[in-house]
>>> print(open('final37.txt').read())   # compact mmCIF, C-alpha atoms and all ligand atoms
# COMPACT_ATOMS: atom_id res chain seq x y z
CA MET Q 21 -105.58 -10.25 55.70
CA THR Q 22 -103.17 -12.18 57.94
CA GLU Q 23 -100.76 -10.44 60.30
CA GLU Q 24 -97.82 -11.80 58.26
CA LYS Q 25 -99.27 -10.33 55.08
CA ARG Q 26 -99.76 -6.95 56.73
CA GLN Q 27 -96.20 -6.97 57.99
CA ALA Q 28 -94.90 -7.90 54.52
CA ILE Q 29 -96.81 -4.99 52.96
CA PHE Q 30 -95.48 -2.65 55.67
CA ASP Q 31 -91.89 -3.76 54.97
CA GLU Q 32 -92.33 -3.30 51.25
CA ALA Q 33 -93.69 0.20 51.83
CA ALA Q 34 -90.71 1.09 54.03
CA GLU Q 35 -88.43 -0.12 51.25
CA ILE Q 36 -90.11 2.19 48.71
CA LEU Q 37 -89.52 5.15 51.01
CA LYS Q 38 -85.87 4.20 51.13
CA ILE Q 39 -85.52 3.79 47.37
CA ASN Q 40 -87.06 7.23 46.77
CA ASP Q 41 -85.03 8.88 49.55
CA ARG Q 42 -82.53 11.48 48.28
CA GLY Q 43 -80.95 12.09 51.69
CA THR Q 44 -82.74 15.23 52.86
CA TYR Q 45 -85.95 14.88 50.87
CA THR Q 46 -87.90 12.13 49.11
CA VAL Q 47 -89.02 12.16 45.47
CA PRO Q 48 -92.66 11.11 44.85
CA THR Q 49 -91.46 8.50 42.38
CA HIS Q 50 -88.42 7.95 40.24
CA GLY Q 51 -88.67 9.42 36.69
CA LEU Q 52 -92.10 11.05 36.60
CA TYR Q 53 -91.50 13.36 39.61
CA PRO Q 54 -87.75 13.82 40.25
CA PHE Q 55 -87.90 16.70 42.82
CA GLN Q 56 -89.46 17.50 46.19
CA TRP Q 57 -93.22 18.11 46.22
CA ASN Q 58 -94.81 19.99 49.09
CA TRP Q 59 -97.76 17.91 50.34
CA ASP Q 60 -96.13 14.67 49.21
CA SER Q 61 -93.24 15.37 51.58
CA CYS Q 62 -95.36 16.26 54.58
CA LEU Q 63 -97.47 13.12 54.21
CA THR Q 64 -94.39 11.03 53.51
CA ALA Q 65 -92.89 12.14 56.81
CA ILE Q 66 -95.82 10.47 58.58
CA GLY Q 67 -94.75 7.12 57.10
CA GLN Q 68 -91.08 7.78 57.75
CA SER Q 69 -91.78 8.42 61.41
CA TYR Q 70 -92.46 4.70 61.90
CA VAL Q 71 -88.94 3.77 60.92
CA ASP Q 72 -86.74 6.84 61.53
CA GLU Q 73 -88.04 9.83 63.50
CA PRO Q 74 -85.11 12.23 62.85
CA ARG Q 75 -85.42 11.53 59.11
CA ALA Q 76 -89.15 12.31 59.25
CA TRP Q 77 -88.51 15.72 60.85
CA LEU Q 78 -85.80 16.42 58.27
CA GLU Q 79 -88.24 15.80 55.39
CA VAL Q 80 -90.46 18.67 56.56
CA GLU Q 81 -87.52 20.90 57.54
CA THR Q 82 -86.01 20.60 54.05
CA LEU Q 83 -89.28 21.77 52.53
CA PHE Q 84 -89.50 24.76 54.89
CA ALA Q 85 -85.89 25.73 54.22
CA HIS Q 86 -87.23 26.87 50.83
CA GLN Q 87 -90.13 28.93 52.16
CA TRP Q 88 -90.35 32.31 50.44
CA GLU Q 89 -89.80 35.57 52.32
CA ASP Q 90 -93.51 36.38 51.96
CA GLY Q 91 -94.39 33.12 53.77
CA MET Q 92 -95.40 30.94 50.80
CA VAL Q 93 -94.15 27.38 50.73
CA PRO Q 94 -93.72 26.39 47.08
CA HIS Q 95 -95.27 23.28 45.55
CA ILE Q 96 -91.98 22.01 44.05
CA VAL Q 97 -88.36 22.48 45.15
CA PHE Q 98 -85.99 21.74 42.26
CA HIS Q 99 -83.06 20.49 44.33
CA GLN Q 100 -81.12 19.24 41.34
CA LEU Q 101 -81.40 19.55 37.59
CA ASP Q 102 -83.38 16.92 35.74
CA ASP Q 103 -84.66 17.55 32.25
CA GLY Q 104 -87.10 14.63 32.49
CA TYR Q 105 -89.72 16.99 33.96
CA PHE Q 106 -91.71 19.83 32.43
CA PRO Q 107 -92.19 22.66 33.43
CA GLY Q 108 -88.73 22.92 34.96
CA PRO Q 109 -87.01 25.84 36.75
CA ASP Q 110 -86.36 27.82 33.57
CA VAL Q 111 -90.08 28.01 32.84
CA TRP Q 112 -91.01 29.06 36.39
CA ASN Q 113 -88.06 31.48 36.62
CA THR Q 114 -88.78 32.39 40.24
CA GLN Q 115 -85.25 33.71 40.88
CA ARG Q 116 -84.71 31.70 44.05
CA PRO Q 117 -81.28 30.59 45.34
CA VAL Q 118 -82.45 27.00 44.90
CA PRO Q 119 -85.11 27.09 42.16
CA THR Q 120 -88.72 26.46 43.17
CA SER Q 121 -92.09 26.68 41.47
CA GLY Q 122 -94.09 29.85 42.11
CA ILE Q 123 -97.34 28.41 43.42
CA THR Q 124 -98.25 26.42 46.53
CA GLN Q 125 -100.05 23.18 47.45
CA PRO Q 126 -102.53 21.93 50.11
CA PRO Q 127 -101.17 22.98 53.52
CA VAL Q 128 -101.00 19.60 55.25
CA ALA Q 129 -97.87 20.59 57.21
CA GLY Q 130 -99.70 21.63 60.40
CA PHE Q 131 -101.65 18.39 60.42
CA ALA Q 132 -98.57 16.25 59.64
CA VAL Q 133 -96.27 17.91 62.16
CA LYS Q 134 -98.82 17.50 64.93
CA ARG Q 135 -98.97 13.82 64.06
CA LEU Q 136 -95.18 13.48 64.17
CA PHE Q 137 -95.15 15.23 67.53
CA ASP Q 138 -97.97 13.23 69.10
CA ARG Q 139 -96.58 9.87 68.19
CA ALA Q 140 -92.88 10.65 68.77
CA THR Q 141 -91.03 8.21 70.96
CA ASP Q 142 -88.16 10.68 71.27
CA LYS Q 143 -90.06 13.46 73.04
CA SER Q 144 -87.19 15.88 73.54
CA LEU Q 145 -86.21 15.64 69.88
CA ALA Q 146 -89.84 16.24 68.95
CA GLN Q 147 -90.06 19.34 71.21
CA GLU Q 148 -86.97 20.86 69.66
CA ARG Q 149 -87.85 20.12 66.03
CA ALA Q 150 -91.54 21.06 66.35
CA LYS Q 151 -90.73 24.33 68.09
CA ALA Q 152 -88.55 25.42 65.18
CA LEU Q 153 -91.20 24.50 62.61
CA ILE Q 154 -94.38 25.94 64.09
CA SER Q 155 -93.56 29.61 63.48
CA LYS Q 156 -92.79 28.80 59.84
CA ILE Q 157 -96.07 26.97 59.43
CA ASP Q 158 -97.83 29.90 61.09
CA GLN Q 159 -96.21 32.26 58.57
CA TRP Q 160 -97.44 30.08 55.73
CA HIS Q 161 -100.97 30.20 57.14
CA SER Q 162 -100.70 34.01 57.46
CA TRP Q 163 -99.60 34.15 53.83
CA PHE Q 164 -102.71 32.24 52.75
CA TYR Q 165 -105.11 34.65 54.40
CA ALA Q 166 -103.18 37.74 53.27
CA SER Q 167 -102.65 36.66 49.65
CA ARG Q 168 -105.59 34.41 48.86
CA ASP Q 169 -108.40 35.91 50.90
CA PRO Q 170 -108.21 39.61 50.05
CA ALA Q 171 -111.86 40.33 50.98
CA ASN Q 172 -111.48 38.66 54.38
CA GLU Q 173 -114.04 35.92 53.71
CA HIS Q 174 -112.06 33.37 55.79
CA LEU Q 175 -111.81 31.07 52.77
CA VAL Q 176 -108.78 31.03 50.47
CA ALA Q 177 -108.72 30.66 46.68
CA LEU Q 178 -106.49 28.62 44.41
CA ILE Q 179 -105.13 30.46 41.41
CA HIS Q 180 -103.77 27.44 39.55
CA PRO Q 181 -105.27 23.91 39.42
CA TRP Q 182 -101.90 22.45 40.43
CA GLU Q 183 -102.23 24.21 43.79
CA SER Q 184 -105.21 22.03 44.69
CA GLY Q 185 -103.16 18.85 44.35
CA ARG Q 186 -106.15 17.58 42.31
CA ASP Q 187 -104.75 18.90 39.05
CA ASN Q 188 -107.39 18.04 36.43
CA SER Q 189 -110.50 17.77 38.62
CA ILE Q 190 -113.86 18.08 36.89
CA ASP Q 191 -114.64 20.79 39.47
CA TRP Q 192 -112.91 23.49 37.47
CA ASP Q 193 -113.62 22.43 33.89
CA ASP Q 194 -115.90 25.42 33.30
CA ALA Q 195 -113.80 27.98 35.15
CA PHE Q 196 -110.69 26.72 33.39
CA GLU Q 197 -112.33 27.54 30.02
CA ARG Q 198 -111.74 31.19 30.87
CA VAL Q 199 -107.99 30.63 30.86
CA PRO Q 200 -106.66 31.30 27.35
CA THR Q 201 -104.38 28.95 25.44
CA GLU Q 202 -103.04 31.42 22.88
CA GLY Q 203 -99.58 32.91 22.92
CA ILE Q 204 -97.74 30.37 25.07
CA ALA Q 205 -94.21 29.32 24.17
CA PRO Q 206 -93.94 25.94 22.42
CA TYR Q 207 -93.17 23.08 24.83
CA THR Q 208 -92.80 19.31 25.08
CA ARG Q 209 -94.60 17.45 27.83
CA ARG Q 210 -92.58 14.92 29.80
CA ASP Q 211 -95.28 13.30 31.94
CA THR Q 212 -96.73 11.41 28.97
CA GLN Q 213 -93.30 9.85 28.35
CA HIS Q 214 -93.33 8.29 31.83
CA ALA Q 215 -97.01 7.35 32.12
CA ASP Q 216 -99.89 6.27 29.86
CA PRO Q 217 -101.27 9.45 28.19
CA SER Q 218 -104.84 8.21 28.67
CA HIS Q 219 -104.24 8.40 32.45
CA ARG Q 220 -103.02 12.01 32.29
CA PRO Q 221 -104.48 15.51 31.71
CA THR Q 222 -105.27 16.47 28.10
CA LYS Q 223 -103.17 18.73 25.85
CA GLU Q 224 -105.71 21.56 26.08
CA GLN Q 225 -105.58 21.44 29.90
CA TYR Q 226 -101.80 21.47 29.77
CA ASP Q 227 -101.78 24.56 27.53
CA ARG Q 228 -103.91 26.35 30.12
CA TYR Q 229 -101.68 25.23 33.00
CA ILE Q 230 -98.75 26.76 31.15
CA TRP Q 231 -100.63 29.94 30.22
CA LEU Q 232 -101.22 30.62 33.92
CA VAL Q 233 -97.57 29.98 34.76
CA GLU Q 234 -96.44 32.42 32.07
CA HIS Q 235 -99.02 35.00 33.21
CA PHE Q 236 -97.84 34.89 36.85
CA ARG Q 237 -94.20 34.89 35.78
CA ALA Q 238 -94.84 38.11 33.85
CA LEU Q 239 -96.00 39.60 37.19
CA ASN Q 240 -92.70 38.53 38.78
CA TRP Q 241 -94.47 36.09 41.10
CA ASP Q 242 -95.58 39.04 43.21
CA ASN Q 243 -98.21 37.60 45.53
CA THR Q 244 -99.71 40.99 46.24
CA LYS Q 245 -100.88 40.94 42.60
CA LEU Q 246 -101.44 37.34 41.56
CA HIS Q 247 -104.83 36.61 43.14
CA ASP Q 248 -106.61 39.58 41.59
CA ALA Q 249 -104.81 39.15 38.27
CA SER Q 250 -105.81 35.51 37.89
CA PRO Q 251 -108.76 34.58 35.67
CA PHE Q 252 -108.86 31.36 37.72
CA GLN Q 253 -109.88 31.78 41.38
CA ILE Q 254 -111.44 28.71 42.95
CA VAL Q 255 -112.44 28.24 46.57
CA ASP Q 256 -112.08 24.49 47.02
CA PRO Q 257 -113.78 22.97 50.11
CA GLY Q 258 -111.14 20.22 50.34
CA PHE Q 259 -108.24 22.63 50.24
CA ASN Q 260 -109.89 24.93 52.77
CA ALA Q 261 -110.73 22.01 55.06
CA ILE Q 262 -107.07 21.00 55.04
CA LEU Q 263 -106.07 24.56 55.93
CA ILE Q 264 -108.67 24.78 58.71
CA ARG Q 265 -107.57 21.42 60.15
CA SER Q 266 -103.92 22.48 59.99
CA CYS Q 267 -104.74 25.74 61.76
CA ALA Q 268 -106.56 23.80 64.51
CA ASP Q 269 -103.74 21.27 64.84
CA LEU Q 270 -101.09 23.97 64.84
CA ALA Q 271 -103.01 25.79 67.57
CA ASP Q 272 -103.01 22.66 69.76
CA LEU Q 273 -99.35 22.04 69.11
CA ALA Q 274 -98.38 25.66 69.79
CA GLU Q 275 -100.31 25.55 73.03
CA ALA Q 276 -98.48 22.41 74.12
CA LEU Q 277 -95.18 24.17 73.36
CA GLY Q 278 -96.12 27.37 75.19
CA GLU Q 279 -96.37 29.49 72.04
CA ASN Q 280 -99.59 31.21 72.98
CA ALA Q 281 -99.74 33.90 70.30
CA ILE Q 282 -99.41 31.29 67.53
CA ALA Q 283 -102.03 29.15 69.25
CA GLU Q 284 -104.52 31.99 69.53
CA ARG Q 285 -104.04 33.21 65.96
CA ASN Q 286 -104.55 29.77 64.49
CA ARG Q 287 -107.49 28.86 66.71
CA ASP Q 288 -109.21 32.04 65.52
CA ARG Q 289 -108.52 31.17 61.87
CA ALA Q 290 -109.87 27.65 62.33
CA GLN Q 291 -113.07 28.89 63.96
CA LYS Q 292 -113.78 31.52 61.33
CA GLY Q 293 -112.87 29.15 58.51
CA LEU Q 294 -115.21 26.50 59.84
CA ALA Q 295 -118.15 28.91 59.92
CA ALA Q 296 -117.36 30.15 56.39
CA LEU Q 297 -117.07 26.59 55.04
CA ASP Q 298 -120.81 26.18 55.44
CA THR Q 299 -121.38 28.63 52.56
CA LEU Q 300 -119.98 25.87 50.29
CA TRP Q 301 -122.66 23.32 51.22
CA SER Q 302 -124.91 22.05 48.40
CA ASP Q 303 -128.28 20.62 49.49
CA LYS Q 304 -128.80 19.30 45.99
CA LEU Q 305 -125.63 17.17 45.96
CA GLY Q 306 -125.56 16.44 49.70
CA GLN Q 307 -121.93 17.51 50.01
CA TYR Q 308 -119.67 20.55 49.79
CA VAL Q 309 -118.81 22.09 46.41
CA CYS Q 310 -116.32 24.60 44.99
CA TYR Q 311 -117.04 28.29 44.62
CA ASP Q 312 -115.90 30.07 41.49
CA ARG Q 313 -114.79 33.40 42.97
CA ALA Q 314 -114.06 35.05 39.62
CA ALA Q 315 -117.58 34.25 38.34
CA GLY Q 316 -119.31 34.56 41.74
CA CYS Q 317 -121.14 31.21 41.79
CA LEU Q 318 -121.05 27.74 43.35
CA ILE Q 319 -119.95 24.95 40.99
CA GLU Q 320 -122.25 21.97 40.66
CA SER Q 321 -119.68 19.18 40.68
CA ALA Q 322 -119.53 16.28 43.15
CA SER Q 323 -115.86 15.55 43.68
CA VAL Q 324 -113.93 14.21 46.62
CA GLY Q 325 -112.91 17.81 47.41
CA GLY Q 326 -116.44 18.17 48.78
CA LEU Q 327 -116.05 15.15 51.09
CA LEU Q 328 -112.70 16.16 52.59
CA PRO Q 329 -114.32 18.58 55.07
CA ILE Q 330 -114.94 15.49 57.22
CA LEU Q 331 -111.37 16.33 58.36
CA VAL Q 332 -112.61 19.24 60.45
CA SER Q 333 -115.01 19.47 63.39
CA LEU Q 334 -118.24 19.74 61.41
CA PRO Q 335 -121.69 20.11 62.93
CA LYS Q 336 -123.14 16.59 63.41
CA HIS Q 337 -125.80 16.91 60.70
CA ARG Q 338 -123.12 17.75 58.13
CA GLY Q 339 -120.90 14.85 59.19
CA ASP Q 340 -123.86 12.45 59.01
CA ALA Q 341 -124.73 13.74 55.54
CA LEU Q 342 -121.16 13.17 54.28
CA VAL Q 343 -121.19 9.59 55.61
CA ALA Q 344 -124.53 9.01 53.85
CA ARG Q 345 -122.97 10.36 50.68
CA LEU Q 346 -120.01 7.95 51.00
CA SER Q 347 -122.48 5.05 51.42
CA LYS Q 348 -124.36 6.14 48.33
CA ILE Q 349 -121.13 6.36 46.29
CA SER Q 350 -120.13 2.89 47.44
CA GLU Q 351 -123.23 1.49 45.71
CA SER Q 352 -121.82 2.44 42.32
CA CYS Q 353 -118.14 1.59 42.73
CA ARG Q 354 -116.20 -1.19 44.34
CA TYR Q 355 -113.33 0.76 45.89
CA LEU Q 356 -113.87 3.86 47.97
CA VAL Q 357 -113.19 6.80 47.65
CA PRO Q 358 -113.33 7.77 43.96
CA SER Q 359 -112.09 11.30 43.23
CA HIS Q 360 -115.35 12.01 41.45
CA ASP Q 361 -118.95 10.79 41.62
CA PRO Q 362 -119.13 7.68 39.37
CA LEU Q 363 -122.70 8.58 38.38
CA ASP Q 364 -121.60 11.87 36.82
CA ALA Q 365 -121.33 11.56 33.00
CA ARG Q 366 -117.91 13.29 33.14
CA PHE Q 367 -116.44 10.65 35.48
CA ASP Q 368 -113.35 8.89 34.06
CA GLY Q 369 -112.06 6.04 36.22
CA LYS Q 370 -108.55 6.10 34.75
CA ARG Q 371 -107.78 9.73 34.30
CA TYR Q 372 -105.92 11.14 37.27
CA TRP Q 373 -108.27 13.26 39.42
CA ARG Q 374 -111.42 12.67 37.35
CA GLY Q 375 -112.37 9.37 39.01
CA PRO Q 376 -109.44 7.33 40.39
CA VAL Q 377 -108.89 6.49 44.05
CA TRP Q 378 -105.88 8.12 45.75
CA LEU Q 379 -104.70 6.67 49.05
CA ILE Q 380 -103.65 10.00 50.55
CA ILE Q 381 -107.24 11.15 50.19
CA ASN Q 382 -108.47 7.91 51.75
CA TYR Q 383 -106.09 8.49 54.62
CA MET Q 384 -107.34 12.01 55.29
CA ILE Q 385 -110.99 11.01 54.99
CA THR Q 386 -110.56 8.07 57.35
CA ASP Q 387 -108.70 10.24 59.82
CA GLY Q 388 -111.67 12.60 59.87
CA LEU Q 389 -114.20 9.77 60.08
CA ARG Q 390 -112.43 8.18 63.04
CA LYS Q 391 -112.05 11.51 64.80
CA SER Q 392 -115.83 11.93 64.66
CA GLY Q 393 -116.62 8.31 65.57
CA TYR Q 394 -117.70 7.06 62.13
CA ASN Q 395 -115.62 3.92 62.57
CA ASP Q 396 -117.56 1.54 60.31
CA MET Q 397 -117.16 3.74 57.27
CA ALA Q 398 -113.50 4.36 58.14
CA LEU Q 399 -112.86 0.63 58.32
CA LYS Q 400 -114.55 0.06 54.99
CA ILE Q 401 -112.26 2.62 53.32
CA GLU Q 402 -109.14 1.30 55.07
CA ASN Q 403 -109.91 -2.24 53.93
CA ALA Q 404 -110.52 -1.07 50.35
CA SER Q 405 -107.15 0.73 50.44
CA LEU Q 406 -105.26 -2.36 51.60
CA GLU Q 407 -107.00 -4.50 49.01
CA LEU Q 408 -105.93 -2.11 46.26
CA ILE Q 409 -102.31 -2.33 47.40
CA ASN Q 410 -102.45 -6.06 47.77
CA THR Q 411 -103.69 -6.58 44.22
CA GLY Q 412 -102.20 -3.59 42.38
CA GLY Q 413 -99.00 -2.67 44.24
CA PHE Q 414 -97.93 0.83 45.31
CA ALA Q 415 -99.39 2.82 42.42
CA GLU Q 416 -99.91 6.55 42.13
CA TYR Q 417 -103.70 5.97 41.93
CA TYR Q 418 -106.25 3.23 41.13
CA HIS Q 419 -109.33 2.68 39.02
CA PRO Q 420 -112.26 2.69 41.50
CA THR Q 421 -114.24 -0.12 39.88
CA THR Q 422 -111.56 -2.46 38.49
CA GLY Q 423 -108.77 -1.66 40.98
CA GLU Q 424 -106.33 -1.29 38.06
CA PRO Q 425 -103.11 0.47 39.19
CA CYS Q 426 -102.56 3.71 37.22
CA GLY Q 427 -99.97 6.49 36.77
CA GLY Q 428 -96.48 6.10 38.24
CA GLY Q 429 -95.37 3.03 40.23
CA SER Q 430 -93.42 2.56 43.52
CA PHE Q 431 -95.09 5.69 44.73
CA THR Q 432 -93.80 7.30 47.91
CA TRP Q 433 -96.92 8.77 49.49
CA THR Q 434 -98.97 5.69 48.65
CA ALA Q 435 -96.37 3.67 50.56
CA ALA Q 436 -96.38 6.11 53.49
CA MET Q 437 -100.16 5.97 53.76
CA VAL Q 438 -100.19 2.19 53.71
CA MET Q 439 -97.81 2.16 56.67
CA GLU Q 440 -100.23 4.43 58.45
CA PHE Q 441 -103.26 2.26 57.61
CA ILE Q 442 -101.48 -0.84 58.89
CA ARG Q 443 -100.10 0.63 62.08
CA ARG Q 444 -103.00 2.87 62.93
CA ALA Q 445 -105.45 -0.02 62.76
CA ALA Q 446 -103.15 -2.40 64.69
C1 LIG Q 501 -99.44 15.29 40.74
C2 LIG Q 501 -100.57 15.32 41.76
C3 LIG Q 501 -100.16 16.15 42.95
C4 LIG Q 501 -98.85 15.61 43.52
C5 LIG Q 501 -97.76 15.48 42.45
C6 LIG Q 501 -96.54 14.71 42.93
O1 LIG Q 501 -99.22 16.54 40.20
O2 LIG Q 501 -101.76 15.78 41.20
O3 LIG Q 501 -101.17 16.16 43.93
O4 LIG Q 501 -98.39 16.41 44.55
O5 LIG Q 501 -98.28 14.78 41.33
O6 LIG Q 501 -96.90 13.43 43.41
>>> encode(input="final37.txt", output="structure tokens")
Amino acid sequence: MTEEKRQAIFDEAAEILKINDRGTYTVPTHGLYPFQWNWDSCLTAIGQSYVDEPRAWLEVETLFAHQWEDGMVPHIVFHQLDDGYFPGPDVWNTQRPVPTSGITQPPVAGFAVKRLFDRATDKSLAQERAKALISKIDQWHSWFYASRDPANEHLVALIHPWESGRDNSIDWDDAFERVPTEGIAPYTRRDTQHADPSHRPTKEQYDRYIWLVEHFRALNWDNTKLHDASPFQIVDPGFNAILIRSCADLADLAEALGENAIAERNRDRAQKGLAALDTLWSDKLGQYVCYDRAAGCLIESASVGGLLPILVSLPKHRGDALVARLSKISESCRYLVPSHDPLDARFDGKRYWRGPVWLIINYMITDGLRKSGYNDMALKIENASLELINTGGFAEYYHPTTGEPCGGGSFTWTAAMVMEFIRRAA
């Protein structure tokens, strides 16, 4: 790809961030997702930092302004009413001054804020803004271990598939069967009015998503009760790797800012989490897998969640094995990294998190690969990502064999990640 082409793609990406900018936060895309989403915003800030550093800090600050008193940072902040989305604030009914959902999302904030800080050209601004954010991020991390790791296993559980960010992953098909569908209030989906229904979760999955929301709402969103009361408790290696990496990054950042207690606490969490992560390794699949905490067993399902641990400082033999796994997957699909193993009979290249490629995942995996010196594989994934954009535009996700763009268009975090791929490799 020529330098001019790369610059043109970068400029187009910056334009998408602007179009989706609502002043103090950015919507993932117009129509389908009209509010602020947690991990979307943190990853978006990384792209914004290339064009406007104060605006990038503000994106994360707006999210943390809606942190709950118990430390949780919600997955959606409903800044303004929009009945084009379901489930809206009335369904969640979390009784917040500005309505939010009642569950969380992958904690990329520590990782993202460290990135903003490291690359800041305005160092004094970065010091001031980072200093105010790190204690909030630390409180969120404390919340995770207090509310989602009650037995002190150093691994946290998800209690709703939406928390994973990989909503309809094959990983939890079996566990999700235990969630009832009876008794929920009648509802009308809105996502299928904005996007092709064959690219989206099924009706049965949606009923279960809503059953869980109603169940937690009946417990007044009390996080001292929700984990144990949930029939769905999944320990996802990808989610935990993100948390471990954010703890490690927050520790480094806190140290640089002279906040030693925060640094120590998060370094300890990262170390213990890393050791515990190894219990999720599957020799059979050659990668990490989820653990079904409610049923007490590992789940045999080879998704990208089990490759994301490359983000953390793994022992060399584990890192090598994950790179071998990526090579193997590349033999059966053109564009890396599919969200599920293409050789699995349940793989579906069009349906959301059951096969498609997502650029935010590619970004995190390549970050981990480069950190550990696996540069050839990183380059391969970066090139595949740019090719997808070049041929399919800034889609929500892509078919891993045909490259077909799927889901919503003009997608914010896809644009932000492209900026990162272009500038990071420059
Ligand atoms: C979908 C994705 C989730 C994302 C949200 C907004 O629900 O699965 O990861 O945060 O859309 O883009």
>>> closest_atom_pairs(input="final37.txt", of="chain Q", to="ligand LIG 501 (chain Q)", cutoff="7 Å", atoms="all atoms listed in the file", output="Markdown table")
| residue | atom | partner | partner_atom | distance |
| --- | --- | --- | --- | --- |
| Q:Pro48 | CA | Q:LIG501 | O6 | 5.0 |
| Q:Tyr53 | CA | Q:LIG501 | C6 | 6.2 |
| Q:Trp57 | CA | Q:LIG501 | O4 | 5.7 |
| Q:Asn58 | CA | Q:LIG501 | O4 | 6.8 |
| Q:Trp59 | CA | Q:LIG501 | O4 | 6.0 |
| Q:Asp60 | CA | Q:LIG501 | O4 | 5.5 |
| Q:Trp182 | CA | Q:LIG501 | O1 | 6.5 |
| Q:Gly185 | CA | Q:LIG501 | O3 | 3.4 |
| Q:Arg186 | CA | Q:LIG501 | O2 | 4.9 |
| Q:Asp187 | CA | Q:LIG501 | O2 | 4.8 |
>>> residues_around(input="final37.txt", residues="Asp193 of chain Q", least_positions_apart="2", cutoff="12 Å", atoms="only C-alpha atoms", output="list in words")
Pro181, Asp187, Asn188, Ser189, Ile190, Asp191, Ala195, Phe196, Glu197, Arg198, Val199, Pro221, Thr222, Glu224, Gln225, Arg228, Phe252, Ile254, Cys310, Asp312, Ile319, Glu320, Ser321, Arg366, Trp373 and Arg374 of chain Q
>>> atom_distance(input="final37.txt", atom1="atom CA of Phe441 of chain Q", atom2="atom CA of Asp211 of chain Q")
29.1 Å
>>> residues_around(input="final37.txt", residues="segment 68-72 of chain Q", least_positions_apart="3", cutoff="9 Å", atoms="all atoms listed in the file", output="NGL selection string")
:Q and (34 or 37 or 64-65 or 75-77 or 79 or 136 or 139-140 or 436 or 439-440 or 443)
>>> closest_residue(input="final37.txt", among="Q:Met92, Q:Val47, Q:Ile380, Q:Cys426", to="Thr124 of chain Q", atoms="all atoms listed in the file")
Q:Met92
>>> atom_distance(input="final37.txt", atom1="atom CA of Thr386 of chain Q", atom2="atom CA of Pro335 of chain Q")
17.3 Å
>>> residues_around(input="final37.txt", residues="segment 286-288 of chain Q", least_positions_apart="2", cutoff="8 Å", atoms="only C-alpha atoms", output="VMD selection string")
chain Q and resid 158 267 to 268 270 to 271 282 to 284 290 to 292
>>> axis_aligned_box(input="final37.txt", around="segment 413-416 of chain Q", padding_each_side="3 Å", output="lines of an AutoDock Vina configuration file")
center_x = -98.9
center_y = 1.9
center_z = 43.7
size_x = 8.0
size_y = 15.2
size_z = 9.2
>>> decode(input="final37.txt", residues="segment 171-179 of chain Q", atoms="N, CA, C and O atoms", output="JSON list (two decimals), in the first residue's frame")
[["chain", "number", "residue", "atom", "x", "y", "z"],
["Q", 171, "ALA", "N", -14.35, -16.23, 45.58],
["Q", 171, "ALA", "CA", -13.55, -17.27, 46.24],
["Q", 171, "ALA", "C", -12.06, -16.97, 46.16],
["Q", 171, "ALA", "O", -11.22, -17.84, 46.46],
["Q", 172, "ASN", "N", -11.72, -15.75, 45.71],
["Q", 172, "ASN", "CA", -10.32, -15.34, 45.69],
["Q", 172, "ASN", "C", -9.45, -16.25, 44.81],
["Q", 172, "ASN", "O", -8.36, -16.66, 45.20],
["Q", 173, "GLU", "N", -9.95, -16.51, 43.61],
["Q", 173, "GLU", "CA", -9.21, -17.38, 42.67],
["Q", 173, "GLU", "C", -8.30, -16.57, 41.75],
["Q", 173, "GLU", "O", -7.62, -17.11, 40.90],
["Q", 174, "HIS", "N", -8.37, -15.25, 41.85],
["Q", 174, "HIS", "CA", -7.59, -14.32, 41.01],
["Q", 174, "HIS", "C", -8.02, -14.31, 39.56],
["Q", 174, "HIS", "O", -7.28, -13.86, 38.68],
["Q", 175, "LEU", "N", -9.20, -14.85, 39.29],
["Q", 175, "LEU", "CA", -9.81, -14.77, 37.96],
["Q", 175, "LEU", "C", -11.24, -14.31, 38.17],
["Q", 175, "LEU", "O", -11.91, -14.77, 39.11],
["Q", 176, "VAL", "N", -11.71, -13.41, 37.31],
["Q", 176, "VAL", "CA", -13.06, -12.86, 37.49],
["Q", 176, "VAL", "C", -14.04, -13.50, 36.50],
["Q", 176, "VAL", "O", -13.64, -13.93, 35.42],
["Q", 177, "ALA", "N", -15.31, -13.55, 36.91],
["Q", 177, "ALA", "CA", -16.33, -14.15, 36.04],
["Q", 177, "ALA", "C", -17.24, -13.08, 35.43],
["Q", 177, "ALA", "O", -17.48, -12.04, 36.03],
["Q", 178, "LEU", "N", -17.73, -13.38, 34.25],
["Q", 178, "LEU", "CA", -18.77, -12.57, 33.61],
["Q", 178, "LEU", "C", -20.10, -13.13, 34.05],
["Q", 178, "LEU", "O", -20.24, -14.35, 34.17],
["Q", 179, "ILE", "N", -21.09, -12.27, 34.24],
["Q", 179, "ILE", "CA", -22.41, -12.80, 34.59],
["Q", 179, "ILE", "C", -23.44, -12.54, 33.50],
["Q", 179, "ILE", "O", -24.61, -12.90, 33.64]]
